[in-house]
$ cat work20.cif   # mmCIF, C-alpha atoms
data_input
loop_
_atom_site.label_atom_id
_atom_site.label_comp_id
_atom_site.auth_asym_id
_atom_site.auth_seq_id
_atom_site.Cartn_x
_atom_site.Cartn_y
_atom_site.Cartn_z
CA MET A 1 107.12 -52.02 -2.54
CA PRO A 2 110.14 -49.88 -1.58
CA PHE A 3 112.67 -52.64 -2.27
CA GLY A 4 114.42 -53.33 -5.53
CA PHE A 5 117.69 -53.86 -7.32
CA ASP A 6 119.10 -52.32 -10.48
CA VAL A 7 122.26 -53.43 -12.29
CA THR A 8 124.25 -50.42 -13.49
CA SER A 9 127.28 -52.09 -15.14
CA THR A 10 128.57 -55.61 -15.81
CA LEU A 11 132.06 -57.05 -16.14
CA GLY A 12 133.13 -58.76 -19.34
CA ASN A 13 132.69 -62.18 -17.73
CA GLY A 14 128.95 -61.53 -17.43
CA LEU A 15 128.99 -62.24 -13.68
CA GLY A 16 130.51 -59.36 -11.75
CA ARG A 17 128.39 -56.22 -11.71
CA THR A 18 127.73 -52.91 -10.01
CA GLY A 19 124.26 -51.86 -8.98
CA VAL A 20 121.92 -50.25 -6.47
CA ILE A 21 119.81 -52.00 -3.83
CA ARG A 22 116.81 -49.86 -2.87
CA THR A 23 115.41 -50.26 0.66
CA PRO A 24 112.88 -48.35 2.79
CA HIS A 25 115.79 -46.75 4.66
CA GLY A 26 117.99 -45.79 1.73
CA ASP A 27 119.97 -47.09 -1.23
CA ILE A 28 123.06 -49.29 -1.15
CA GLU A 29 125.59 -48.87 -3.96
CA THR A 30 126.99 -52.28 -4.81
CA PRO A 31 129.33 -54.05 -4.45
CA ALA A 32 129.28 -53.01 -0.78
CA PHE A 33 130.71 -54.22 2.51
CA ILE A 34 128.00 -54.45 5.18
CA VAL A 35 129.40 -53.72 8.64
CA VAL A 36 128.44 -56.25 11.32
CA GLY A 37 126.77 -55.05 14.51
CA THR A 38 125.95 -58.44 16.01
CA LYS A 39 123.94 -57.27 19.01
CA ALA A 40 122.62 -54.03 17.47
CA SER A 41 126.05 -52.53 18.04
CA VAL A 42 129.31 -52.44 16.11
CA LYS A 43 131.47 -53.29 19.10
CA ALA A 44 133.09 -50.24 20.72
CA VAL A 45 131.91 -47.82 17.98
CA LEU A 46 129.07 -45.30 17.98
CA PRO A 47 126.50 -45.72 15.18
CA GLU A 48 127.29 -42.13 14.21
CA SER A 49 130.93 -43.14 13.73
CA VAL A 50 129.85 -46.12 11.62
CA ALA A 51 128.07 -43.69 9.31
CA GLN A 52 131.08 -41.37 9.20
CA LEU A 53 133.42 -44.17 8.16
CA GLY A 54 131.26 -44.72 5.08
CA ALA A 55 129.21 -47.80 5.95
CA GLN A 56 126.03 -48.03 3.91
CA ALA A 57 124.26 -50.67 6.01
CA VAL A 58 124.63 -52.68 9.22
CA LEU A 59 123.91 -56.38 9.81
CA ALA A 60 122.79 -57.73 13.19
CA ASN A 61 122.34 -61.28 14.43
CA ALA A 62 118.79 -62.50 14.97
CA TYR A 63 119.80 -65.27 17.36
CA HIS A 64 121.76 -63.01 19.70
CA LEU A 65 119.05 -60.34 19.67
CA PHE A 66 116.50 -63.06 20.41
CA LEU A 67 118.49 -63.96 23.52
CA GLN A 68 119.04 -60.36 24.56
CA PRO A 69 117.15 -58.00 24.72
CA GLY A 70 114.42 -59.94 22.87
CA PRO A 71 112.63 -59.18 19.58
CA ASP A 72 109.50 -57.85 21.33
CA LEU A 73 111.51 -55.07 22.94
CA VAL A 74 113.21 -54.16 19.65
CA ASP A 75 109.82 -54.14 17.93
CA GLU A 76 108.39 -51.87 20.63
CA ALA A 77 111.36 -49.52 20.16
CA GLY A 78 110.44 -49.11 16.49
CA GLY A 79 112.70 -51.73 14.96
CA LEU A 80 116.40 -52.41 14.81
CA GLY A 81 117.45 -49.16 13.13
CA ARG A 82 115.57 -46.90 15.50
CA PHE A 83 116.59 -48.96 18.53
CA MET A 84 120.30 -48.51 17.76
CA ASN A 85 119.97 -44.99 16.27
CA TRP A 86 121.08 -46.15 12.83
CA PRO A 87 119.10 -44.36 10.09
CA GLY A 88 120.32 -46.44 7.14
CA PRO A 89 119.46 -49.90 5.81
CA THR A 90 119.71 -52.88 8.15
CA PHE A 91 120.16 -56.63 7.65
CA THR A 92 119.54 -59.52 10.04
CA ASP A 93 120.77 -63.06 9.56
CA SER A 94 118.47 -65.92 10.40
CA GLY A 95 120.27 -67.78 13.18
CA GLY A 96 121.45 -70.38 10.68
CA PHE A 97 125.08 -69.48 11.28
CA GLN A 98 124.67 -70.62 14.87
CA VAL A 99 124.05 -74.12 13.52
CA LEU A 100 127.70 -74.01 12.55
CA SER A 101 129.27 -71.84 15.21
CA LEU A 102 127.44 -73.44 18.15
CA GLY A 103 127.05 -76.87 16.62
CA ALA A 104 130.37 -77.56 14.94
CA GLY A 105 132.23 -74.28 14.92
CA PHE A 106 135.52 -75.02 13.22
CA LYS A 107 137.24 -71.71 13.93
CA LYS A 108 133.87 -70.01 13.27
CA THR A 109 134.87 -69.02 9.75
CA LEU A 110 133.46 -69.60 6.29
CA ALA A 111 136.36 -68.96 3.89
CA MET A 112 138.61 -71.56 5.45
CA ASP A 113 141.68 -73.62 4.65
CA VAL A 114 140.50 -77.21 4.91
CA SER A 115 144.08 -78.40 5.39
CA GLN A 116 144.02 -76.77 8.82
CA LEU A 117 141.19 -79.01 10.04
CA THR A 118 142.20 -82.20 11.83
CA PRO A 119 140.30 -85.16 13.34
CA ALA A 120 140.95 -83.54 16.70
CA ASP A 121 138.95 -80.50 15.54
CA VAL A 122 135.98 -82.77 14.83
CA ILE A 123 136.19 -84.49 18.21
CA ALA A 124 136.50 -81.18 20.06
CA ALA A 125 133.60 -79.60 18.17
CA ASP A 126 131.30 -82.55 18.81
CA ALA A 127 132.20 -82.53 22.52
CA ASP A 128 131.25 -78.84 22.76
CA ARG A 129 128.15 -79.04 20.57
CA LYS A 130 125.44 -76.54 21.60
CA ALA A 131 123.07 -76.93 18.64
CA MET A 132 121.23 -80.04 17.49
CA VAL A 133 119.52 -80.20 14.09
CA ASP A 134 116.43 -82.18 13.10
CA ASP A 135 114.08 -81.97 10.13
CA ASP A 136 111.78 -79.44 11.79
CA GLY A 137 114.39 -77.03 13.18
CA VAL A 138 117.29 -76.57 15.58
CA THR A 139 117.55 -76.76 19.35
CA PHE A 140 120.16 -74.37 20.74
CA ARG A 141 121.74 -74.22 24.14
CA SER A 142 122.19 -70.57 25.04
CA PRO A 143 125.82 -69.48 25.42
CA LEU A 144 124.61 -66.99 28.03
CA ASN A 145 123.06 -69.31 30.60
CA GLY A 146 122.72 -72.78 29.06
CA ASP A 147 118.95 -72.53 28.53
CA LEU A 148 117.50 -74.51 25.62
CA HIS A 149 115.83 -72.61 22.78
CA ARG A 150 114.07 -73.89 19.68
CA PHE A 151 114.38 -72.28 16.25
CA THR A 152 112.24 -73.33 13.29
CA PRO A 153 111.77 -71.47 10.00
CA GLU A 154 108.60 -69.94 11.38
CA VAL A 155 110.28 -68.88 14.63
CA SER A 156 113.16 -67.29 12.73
CA MET A 157 110.76 -65.37 10.50
CA GLY A 158 108.76 -64.18 13.49
CA ILE A 159 111.89 -62.92 15.23
CA GLN A 160 113.22 -61.14 12.15
CA HIS A 161 109.89 -59.50 11.37
CA ARG A 162 109.81 -58.07 14.88
CA LEU A 163 113.43 -56.90 14.58
CA GLY A 164 112.29 -54.98 11.50
CA ALA A 165 115.42 -55.13 9.32
CA ASP A 166 115.19 -54.09 5.67
CA VAL A 167 116.79 -57.37 4.57
CA MET A 168 116.47 -60.70 6.35
CA PHE A 169 117.52 -64.24 5.53
CA ALA A 170 115.70 -67.56 5.37
CA PHE A 171 116.59 -70.07 8.06
CA ASP A 172 119.14 -72.59 6.79
CA GLU A 173 121.46 -75.33 7.93
CA LEU A 174 125.06 -74.23 7.45
CA THR A 175 127.33 -77.25 7.08
CA THR A 176 131.12 -77.51 7.36
CA LEU A 177 133.77 -78.77 4.98
CA MET A 178 134.17 -81.80 7.22
CA ASN A 179 130.63 -83.06 6.58
CA THR A 180 130.30 -85.99 4.18
CA ARG A 181 128.67 -85.75 0.76
CA PRO A 182 125.60 -87.73 1.93
CA TYR A 183 125.14 -85.36 4.87
CA GLN A 184 125.57 -82.32 2.58
CA GLU A 185 122.75 -83.69 0.42
CA GLU A 186 120.54 -84.30 3.45
CA ALA A 187 121.21 -80.82 4.84
CA LEU A 188 120.59 -79.18 1.47
CA GLU A 189 117.18 -80.82 1.16
CA ARG A 190 116.38 -79.74 4.71
CA THR A 191 117.40 -76.17 3.88
CA ARG A 192 115.21 -76.28 0.74
CA ARG A 193 112.17 -77.31 2.77
CA TRP A 194 112.94 -74.68 5.40
CA ALA A 195 113.23 -72.03 2.66
CA ALA A 196 109.73 -72.83 1.42
CA ARG A 197 108.37 -72.57 4.97
CA CYS A 198 110.19 -69.25 5.47
CA LEU A 199 108.73 -67.83 2.27
CA ALA A 200 105.20 -68.84 3.27
CA GLU A 201 105.58 -67.47 6.80
CA HIS A 202 107.14 -64.26 5.48
CA ARG A 203 104.11 -63.67 3.28
CA ARG A 204 101.73 -64.37 6.17
CA LEU A 205 103.54 -62.02 8.56
CA THR A 206 103.85 -59.28 5.93
CA GLU A 207 100.09 -59.37 5.41
CA ALA A 208 99.48 -59.51 9.17
CA ARG A 209 101.54 -56.35 9.81
CA PRO A 210 100.17 -53.78 7.34
CA GLY A 211 101.64 -50.32 7.43
CA ARG A 212 105.14 -51.57 8.26
CA PRO A 213 108.00 -50.96 5.82
CA TYR A 214 108.44 -53.96 3.55
CA GLN A 215 111.17 -56.38 4.65
CA ALA A 216 113.00 -58.18 1.86
CA LEU A 217 113.63 -61.91 2.31
CA PHE A 218 116.74 -63.55 0.87
CA GLY A 219 116.92 -67.30 0.34
CA VAL A 220 120.21 -68.92 1.37
CA ILE A 221 122.20 -71.09 -1.05
CA GLN A 222 124.06 -74.02 0.52
CA GLY A 223 125.82 -77.02 -1.02
CA ALA A 224 129.39 -76.71 0.29
CA GLN A 225 131.96 -77.19 -2.52
CA PHE A 226 129.87 -79.47 -4.71
CA GLU A 227 128.97 -77.82 -8.00
CA ASP A 228 125.88 -79.91 -8.64
CA LEU A 229 124.51 -79.20 -5.15
CA ARG A 230 125.14 -75.46 -5.43
CA ARG A 231 123.50 -75.23 -8.84
CA THR A 232 120.54 -77.34 -7.71
CA ALA A 233 120.04 -75.12 -4.67
CA CYS A 234 120.13 -71.99 -6.85
CA ARG A 235 117.54 -73.35 -9.26
CA ASP A 236 115.27 -74.56 -6.46
CA LEU A 237 115.27 -71.26 -4.59
CA ALA A 238 115.10 -69.10 -7.73
CA ARG A 239 111.78 -70.66 -8.77
CA MET A 240 110.32 -70.94 -5.27
CA GLU A 241 107.23 -68.78 -4.63
CA ALA A 242 104.54 -68.20 -2.05
CA GLY A 243 101.42 -66.39 -3.19
CA GLY A 244 103.07 -65.43 -6.46
CA ARG A 245 106.14 -63.79 -4.86
CA GLY A 246 109.60 -65.33 -4.66
CA PHE A 247 112.72 -64.42 -2.75
CA ASP A 248 113.82 -60.79 -3.05
CA GLY A 249 117.48 -61.79 -3.20
CA PHE A 250 119.84 -64.57 -2.24
CA GLY A 251 122.52 -65.24 0.32
CA ILE A 252 125.44 -67.47 -0.65
CA GLY A 253 126.35 -69.33 2.51
CA GLY A 254 128.27 -72.32 3.70
CA ALA A 255 131.85 -73.11 4.56
CA ILE A 256 134.03 -72.49 1.51
CA GLU A 257 137.70 -73.29 1.01
CA LYS A 258 139.42 -70.02 0.12
CA LYS A 259 140.90 -71.21 -3.14
CA ASN A 260 137.42 -72.17 -4.40
CA LEU A 261 135.52 -69.07 -3.27
CA GLY A 262 135.37 -67.28 -6.62
CA ARG A 263 134.50 -70.47 -8.49
CA ILE A 264 131.60 -71.28 -6.14
CA VAL A 265 130.21 -67.74 -6.23
CA GLY A 266 130.42 -67.91 -10.03
CA TRP A 267 128.42 -71.12 -10.14
CA CYS A 268 125.70 -69.45 -8.11
CA ALA A 269 125.74 -66.18 -10.03
CA SER A 270 125.35 -68.02 -13.33
CA GLU A 271 122.21 -69.77 -12.03
CA LEU A 272 120.51 -67.02 -9.99
CA PRO A 273 118.29 -64.32 -11.54
CA ASP A 274 120.22 -61.23 -12.64
CA ASP A 275 117.58 -58.86 -11.30
CA ARG A 276 118.00 -59.82 -7.64
CA PRO A 277 120.95 -59.08 -5.34
CA ARG A 278 123.39 -61.71 -4.05
CA HIS A 279 124.89 -61.45 -0.57
CA LEU A 280 127.99 -63.46 0.32
CA LEU A 281 127.94 -64.26 4.01
CA GLY A 282 131.11 -63.96 6.05
CA ILE A 283 134.11 -62.63 4.05
CA SER A 284 136.37 -59.57 4.35
CA GLU A 285 139.94 -60.49 3.35
CA PRO A 286 141.14 -58.55 0.26
CA ASP A 287 141.70 -61.59 -1.99
CA ASP A 288 138.25 -62.92 -1.10
CA LEU A 289 136.61 -59.56 -1.84
CA PHE A 290 138.21 -59.25 -5.28
CA ALA A 291 137.31 -62.85 -6.15
CA ALA A 292 133.72 -62.43 -4.97
CA CYS A 293 133.16 -59.15 -6.80
CA ARG A 294 134.49 -60.63 -10.04
CA ALA A 295 132.25 -63.67 -9.64
CA GLY A 296 129.02 -61.73 -9.10
CA ALA A 297 128.49 -61.11 -5.37
CA ASP A 298 126.88 -57.75 -4.59
CA THR A 299 127.21 -57.40 -0.81
CA PHE A 300 129.31 -59.02 1.94
CA ASP A 301 129.50 -59.02 5.71
CA CYS A 302 132.10 -60.17 8.20
CA VAL A 303 132.99 -59.59 11.85
CA ASN A 304 136.71 -59.87 11.14
CA PRO A 305 137.64 -56.17 10.75
CA SER A 306 136.31 -55.33 14.21
CA ARG A 307 137.31 -58.63 15.81
CA VAL A 308 140.99 -58.40 14.87
CA ALA A 309 141.00 -54.68 15.72
CA ARG A 310 140.20 -55.54 19.33
CA ASN A 311 143.34 -57.68 19.29
CA ALA A 312 145.46 -54.75 18.04
CA ALA A 313 145.68 -56.01 14.42
CA ILE A 314 145.65 -53.13 11.94
CA TYR A 315 144.93 -53.34 8.20
CA THR A 316 147.05 -51.44 5.68
CA ALA A 317 147.43 -51.74 1.91
CA GLU A 318 150.84 -53.33 2.55
CA GLY A 319 149.53 -55.97 4.94
CA ARG A 320 148.41 -56.36 8.52
CA TYR A 321 150.44 -55.57 11.64
CA ASN A 322 149.98 -55.56 15.41
CA VAL A 323 150.21 -52.03 16.78
CA ASN A 324 150.80 -53.24 20.35
CA THR A 325 154.26 -54.61 19.50
CA ALA A 326 157.54 -52.95 20.47
CA PRO A 327 158.43 -51.22 17.15
CA PHE A 328 155.40 -48.93 17.46
CA ARG A 329 156.01 -47.63 20.98
CA ARG A 330 157.64 -44.47 19.64
CA ASP A 331 156.05 -44.36 16.20
CA PHE A 332 154.15 -41.08 15.93
CA GLY A 333 152.80 -41.64 12.44
CA PRO A 334 149.18 -42.65 11.65
CA LEU A 335 148.07 -46.27 11.62
CA GLU A 336 148.34 -46.10 7.81
CA ASP A 337 149.91 -43.34 5.77
CA GLY A 338 147.31 -41.57 3.66
CA CYS A 339 144.29 -43.10 5.40
CA ASP A 340 141.35 -40.71 5.75
CA CYS A 341 139.69 -42.39 8.75
CA TYR A 342 139.05 -40.48 11.99
CA THR A 343 141.70 -42.45 13.85
CA CYS A 344 144.49 -41.89 11.33
CA THR A 345 143.75 -38.16 11.02
CA HIS A 346 143.83 -37.63 14.81
CA TYR A 347 145.98 -40.29 16.52
CA SER A 348 149.34 -42.01 16.23
CA ARG A 349 150.56 -45.58 16.34
CA ALA A 350 152.37 -44.71 19.57
CA TYR A 351 149.09 -43.64 21.17
CA LEU A 352 147.28 -46.80 20.04
CA HIS A 353 150.25 -48.84 21.31
CA HIS A 354 149.89 -47.13 24.70
CA LEU A 355 146.13 -47.68 24.82
CA PHE A 356 146.41 -51.39 24.12
CA LYS A 357 149.22 -51.85 26.63
CA ALA A 358 147.23 -49.93 29.24
CA LYS A 359 144.12 -51.98 28.39
CA GLU A 360 142.15 -48.80 27.75
CA LEU A 361 138.81 -49.40 26.03
CA LEU A 362 139.46 -46.50 23.66
CA ALA A 363 142.01 -48.73 21.90
CA ASN A 364 139.18 -50.95 20.63
CA THR A 365 137.21 -47.96 19.38
CA LEU A 366 140.03 -46.32 17.45
CA ALA A 367 141.39 -49.54 15.95
CA THR A 368 137.91 -50.67 14.88
CA ILE A 369 137.15 -47.36 13.19
CA HIS A 370 140.29 -47.74 11.10
CA ASN A 371 139.75 -51.39 10.12
CA GLU A 372 136.10 -50.90 9.23
CA ARG A 373 136.87 -47.77 7.20
CA TRP A 374 139.71 -49.61 5.47
CA THR A 375 137.44 -52.50 4.46
CA VAL A 376 134.52 -50.30 3.40
CA ARG A 377 136.88 -48.13 1.34
CA LEU A 378 138.48 -51.13 -0.36
CA VAL A 379 135.09 -52.36 -1.61
CA ASP A 380 134.16 -48.79 -2.60
CA ASP A 381 137.38 -48.64 -4.65
CA ILE A 382 136.63 -52.03 -6.22
CA ARG A 383 133.18 -50.74 -7.21
CA ALA A 384 134.67 -47.59 -8.74
CA ALA A 385 137.25 -49.64 -10.65
CA MET A 386 134.52 -51.95 -11.96
CA ARG A 387 132.47 -48.99 -13.19
CA ALA A 388 135.51 -47.48 -14.89
CA GLY A 389 136.57 -50.74 -16.51
CA GLU A 390 139.83 -50.67 -14.53
CA LEU A 391 139.39 -53.63 -12.18
CA ASP A 392 142.28 -55.68 -13.62
CA GLY A 393 144.80 -52.92 -13.06
CA PHE A 394 143.49 -51.97 -9.63
CA GLU A 395 143.51 -55.58 -8.41
CA ALA A 396 147.01 -56.21 -9.76
CA GLU A 397 148.36 -53.08 -8.05
CA PHE A 398 146.57 -53.62 -4.74
CA MET A 399 147.18 -57.34 -4.39
CA GLY A 400 150.77 -56.90 -5.53
CA ARG A 401 151.41 -54.65 -2.54
CA TRP A 402 149.43 -56.88 -0.19
CA ASN A 403 151.07 -60.13 -1.33
CA ALA A 404 154.58 -58.65 -1.35
CA ASN A 405 154.61 -59.12 2.41
CA GLY A 406 152.39 -62.19 2.54
CA GLY A 407 149.61 -60.09 4.07
CA ARG A 408 151.89 -59.02 6.94
CA LEU A 409 153.35 -55.51 7.08
CA VAL A 410 157.16 -55.47 7.19
CA ARG A 411 158.08 -52.87 9.79
CA ARG A 412 160.17 -49.93 8.62
CA ALA A 413 161.88 -47.24 10.67
CA PRO A 414 159.30 -45.43 12.83
CA ALA A 415 158.12 -41.96 11.99
CA GLN A 416 159.08 -39.49 14.69
CA ASN A 417 156.65 -36.71 13.84
#
$ encode --input "work20.cif" --output "structure tokens"
Amino acid sequence: MPFGFDVTSTLGNGLGRTGVIRTPHGDIETPAFIVVGTKASVKAVLPESVAQLGAQAVLANAYHLFLQPGPDLVDEAGGLGRFMNWPGPTFTDSGGFQVLSLGAGFKKTLAMDVSQLTPADVIAADADRKAMVDDDGVTFRSPLNGDLHRFTPEVSMGIQHRLGADVMFAFDELTTLMNTRPYQEEALERTRRWAARCLAEHRRLTEARPGRPYQALFGVIQGAQFEDLRRTACRDLARMEAGGRGFDGFGIGGAIEKKNLGRIVGWCASELPDDRPRHLLGISEPDDLFAACRAGADTFDCVNPSRVARNAAIYTAEGRYNVNTAPFRRDFGPLEDGCDCYTCTHYSRAYLHHLFKAKELLANTLATIHNERWTVRLVDDIRAAMRAGELDGFEAEFMGRWNANGGRLVRRAPAQN
């Protein structure tokens, strides 16, 4: 089968590693940041530009593609990659994230600060709930038109097989940090049962569609911030099989308080098999990326680089800034000095400032290209530092610059030329 994973180097802690994921549509050097194209599109950016900025793979959302245009149409087009003219590896998530974001979407983020959540958040989320969970599956209310849809493990597998991604994820229930310990236990057991059903259905569909490129299935590890639940989930999914074949890799999911991210990933990495890749769902901030790479995560995805770009927020090694603010109106330097992205080598802060103020759509394109390139390059640099045995020094230098301004760029005098 044209899917596999090889470890090429390991950190001294025995957890962090570099490697290569092999898929039918190409290899992925790990650690790697997987760019998110939710609806078979990285918002405002051509797939060709996504390749040029160095992305190795793209992740799309099975639930949204189920709603529009529908998995049958994507299947008829030749699968996700061909449909969106992306020649490289593709991932699809299972729809499990919508259990959180539509059901109890506290700021729709995974690496969160629990101190920011209030009882009012809980009340507001429950009042706006659009997903209801039971032991068999989840009933969603479409955000497009309010129609009800039903996802079960088998439905999710059927959708993802038709979408044709190289890597897909088992259907899971993603809980929040506000859920009680008893509910976390209940949800974890439900996710375990769903994982077994996904594995069985994946085998059935693989055999029913001969001649198609093999699609790898990753089991999803839940358990919130409870060490015993996380370790139990890892052991359960690591030994789970259907017809003699287990999961091809694992996704580490769930809402995680930022300060505990590395510790939780480490728990999972110490339990999961070393010969299968681990994908951490939903992170992109620099401190999270360093912590996750050290703890043994191999790939990551997050919508944040493109989402904040559309709000004029620009990443630099010295922190983030908003290019649509007054100091940049006459700043003719690049978005970030020394950046090799298409935007920085062709356009100025003043031009981006103008585009955002004028509400020109090109602003979203150019800002997104920079932020995605910045994030992809950071993980590429982390990987290179890990291979060279220089991660400690690289992290200290990079995070020292980033933290010097609290993650916010302090504006200096504008460049005139």
$ closest_residue --input "work20.cif" --among "A:Thr90, A:Asn145, A:Gln56, A:Ser49" --to "Arg377 of chain A" --atoms "only C-alpha atoms"
A:Gln56
$ resolve_selection --input "work20.cif" --expression "the PyMOL selection byres ((chain A and resi 258-274) around 6)" --output "PyMOL selection string"
chain A and resi 111-112+234+257+275-276+291-292+295-296
$ residues_around --input "work20.cif" --residues "Trp194 of chain A" --least-positions-apart "4" --cutoff "12 Å" --atoms "only C-alpha atoms" --output "number ranges by chain"
A: 94, 96, 134-138, 151-157, 169-173, 187-190, 198-202, 219-221, 237, 240
$ resolve_selection --input "work20.cif" --expression "the PyMOL selection byres ((chain A and resi 37-41) around 9)" --output "mmCIF file with C-alpha atoms, in the coordinates of the input"
data_model
loop_
_atom_site.group_PDB
_atom_site.id
_atom_site.type_symbol
_atom_site.label_atom_id
_atom_site.label_comp_id
_atom_site.auth_asym_id
_atom_site.auth_seq_id
_atom_site.Cartn_x
_atom_site.Cartn_y
_atom_site.Cartn_z
ATOM 1 C CA VAL A 35 129.400 -53.720 8.640
ATOM 2 C CA VAL A 36 128.440 -56.250 11.320
ATOM 3 C CA VAL A 42 129.310 -52.440 16.110
ATOM 4 C CA LYS A 43 131.470 -53.290 19.100
ATOM 5 C CA ALA A 44 133.090 -50.240 20.720
ATOM 6 C CA VAL A 45 131.910 -47.820 17.980
ATOM 7 C CA LEU A 46 129.070 -45.300 17.980
ATOM 8 C CA PRO A 47 126.500 -45.720 15.180
ATOM 9 C CA VAL A 58 124.630 -52.680 9.220
ATOM 10 C CA LEU A 59 123.910 -56.380 9.810
ATOM 11 C CA ALA A 60 122.790 -57.730 13.190
ATOM 12 C CA ASN A 61 122.340 -61.280 14.430
ATOM 13 C CA ALA A 62 118.790 -62.500 14.970
ATOM 14 C CA HIS A 64 121.760 -63.010 19.700
ATOM 15 C CA LEU A 65 119.050 -60.340 19.670
ATOM 16 C CA GLN A 68 119.040 -60.360 24.560
ATOM 17 C CA PRO A 69 117.150 -58.000 24.720
ATOM 18 C CA LEU A 80 116.400 -52.410 14.810
ATOM 19 C CA GLY A 81 117.450 -49.160 13.130
ATOM 20 C CA PHE A 83 116.590 -48.960 18.530
ATOM 21 C CA MET A 84 120.300 -48.510 17.760
ATOM 22 C CA THR A 92 119.540 -59.520 10.040
ATOM 23 C CA VAL A 303 132.990 -59.590 11.850
#
$ resolve_selection --input "work20.cif" --expression "the PyMOL selection byres ((chain A and resi 300) around 10)" --output "ChimeraX atom specification"
/A:30-36,59,251-252,278-284,289,292-293,297-299,301-302,379
$ write_last_selection --input "work20.cif" --atoms "C-alpha atoms" --output "PDB file, in the frame of the given file"
ATOM      1  CA  THR A  30     126.990 -52.280  -4.810  1.00  0.00           C
ATOM      2  CA  PRO A  31     129.330 -54.050  -4.450  1.00  0.00           C
ATOM      3  CA  ALA A  32     129.280 -53.010  -0.780  1.00  0.00           C
ATOM      4  CA  PHE A  33     130.710 -54.220   2.510  1.00  0.00           C
ATOM      5  CA  ILE A  34     128.000 -54.450   5.180  1.00  0.00           C
ATOM      6  CA  VAL A  35     129.400 -53.720   8.640  1.00  0.00           C
ATOM      7  CA  VAL A  36     128.440 -56.250  11.320  1.00  0.00           C
ATOM      8  CA  LEU A  59     123.910 -56.380   9.810  1.00  0.00           C
ATOM      9  CA  GLY A 251     122.520 -65.240   0.320  1.00  0.00           C
ATOM     10  CA  ILE A 252     125.440 -67.470  -0.650  1.00  0.00           C
ATOM     11  CA  ARG A 278     123.390 -61.710  -4.050  1.00  0.00           C
ATOM     12  CA  HIS A 279     124.890 -61.450  -0.570  1.00  0.00           C
ATOM     13  CA  LEU A 280     127.990 -63.460   0.320  1.00  0.00           C
ATOM     14  CA  LEU A 281     127.940 -64.260   4.010  1.00  0.00           C
ATOM     15  CA  GLY A 282     131.110 -63.960   6.050  1.00  0.00           C
ATOM     16  CA  ILE A 283     134.110 -62.630   4.050  1.00  0.00           C
ATOM     17  CA  SER A 284     136.370 -59.570   4.350  1.00  0.00           C
ATOM     18  CA  LEU A 289     136.610 -59.560  -1.840  1.00  0.00           C
ATOM     19  CA  ALA A 292     133.720 -62.430  -4.970  1.00  0.00           C
ATOM     20  CA  CYS A 293     133.160 -59.150  -6.800  1.00  0.00           C
ATOM     21  CA  ALA A 297     128.490 -61.110  -5.370  1.00  0.00           C
ATOM     22  CA  ASP A 298     126.880 -57.750  -4.590  1.00  0.00           C
ATOM     23  CA  THR A 299     127.210 -57.400  -0.810  1.00  0.00           C
ATOM     24  CA  ASP A 301     129.500 -59.020   5.710  1.00  0.00           C
ATOM     25  CA  CYS A 302     132.100 -60.170   8.200  1.00  0.00           C
ATOM     26  CA  VAL A 379     135.090 -52.360  -1.610  1.00  0.00           C
TER      27      VAL A 379
END
$ axis_aligned_box --input "work20.cif" --around "segment 81-97 of chain A" --padding-each-side "3 Å" --output "lines of an AutoDock Vina configuration file"
center_x = 120.3
center_y = -57.4
center_z = 12.2
size_x = 15.5
size_y = 32.0
size_z = 18.7
$ decode --input "work20.cif" --residues "segment 394-402 of chain A" --atoms "N, CA and C atoms" --output "CSV table (one decimal), in the first residue's frame"
chain,number,residue,atom,x,y,z
A,394,PHE,N,17.7,27.3,18.5
A,394,PHE,CA,16.8,28.0,17.6
A,394,PHE,C,15.5,28.5,18.3
A,395,GLU,N,15.0,27.6,19.2
A,395,GLU,CA,13.8,28.0,19.9
A,395,GLU,C,14.1,29.2,20.9
A,396,ALA,N,15.2,29.2,21.5
A,396,ALA,CA,15.5,30.3,22.4
A,396,ALA,C,15.7,31.6,21.7
A,397,GLU,N,16.3,31.5,20.5
A,397,GLU,CA,16.5,32.8,19.7
A,397,GLU,C,15.1,33.2,19.2
A,398,PHE,N,14.3,32.3,18.6
A,398,PHE,CA,13.1,32.7,18.0
A,398,PHE,C,12.1,33.2,19.0
A,399,MET,N,11.9,32.4,20.1
A,399,MET,CA,10.9,32.8,21.1
A,399,MET,C,11.3,34.0,21.9
A,400,GLY,N,12.6,34.2,22.0
A,400,GLY,CA,13.1,35.4,22.6
A,400,GLY,C,12.7,36.7,21.9
A,401,ARG,N,12.8,36.6,20.6
A,401,ARG,CA,12.3,37.8,19.8
A,401,ARG,C,10.8,37.9,19.8
A,402,TRP,N,10.1,36.8,19.7
A,402,TRP,CA,8.7,36.8,19.7
A,402,TRP,C,8.1,37.3,21.1
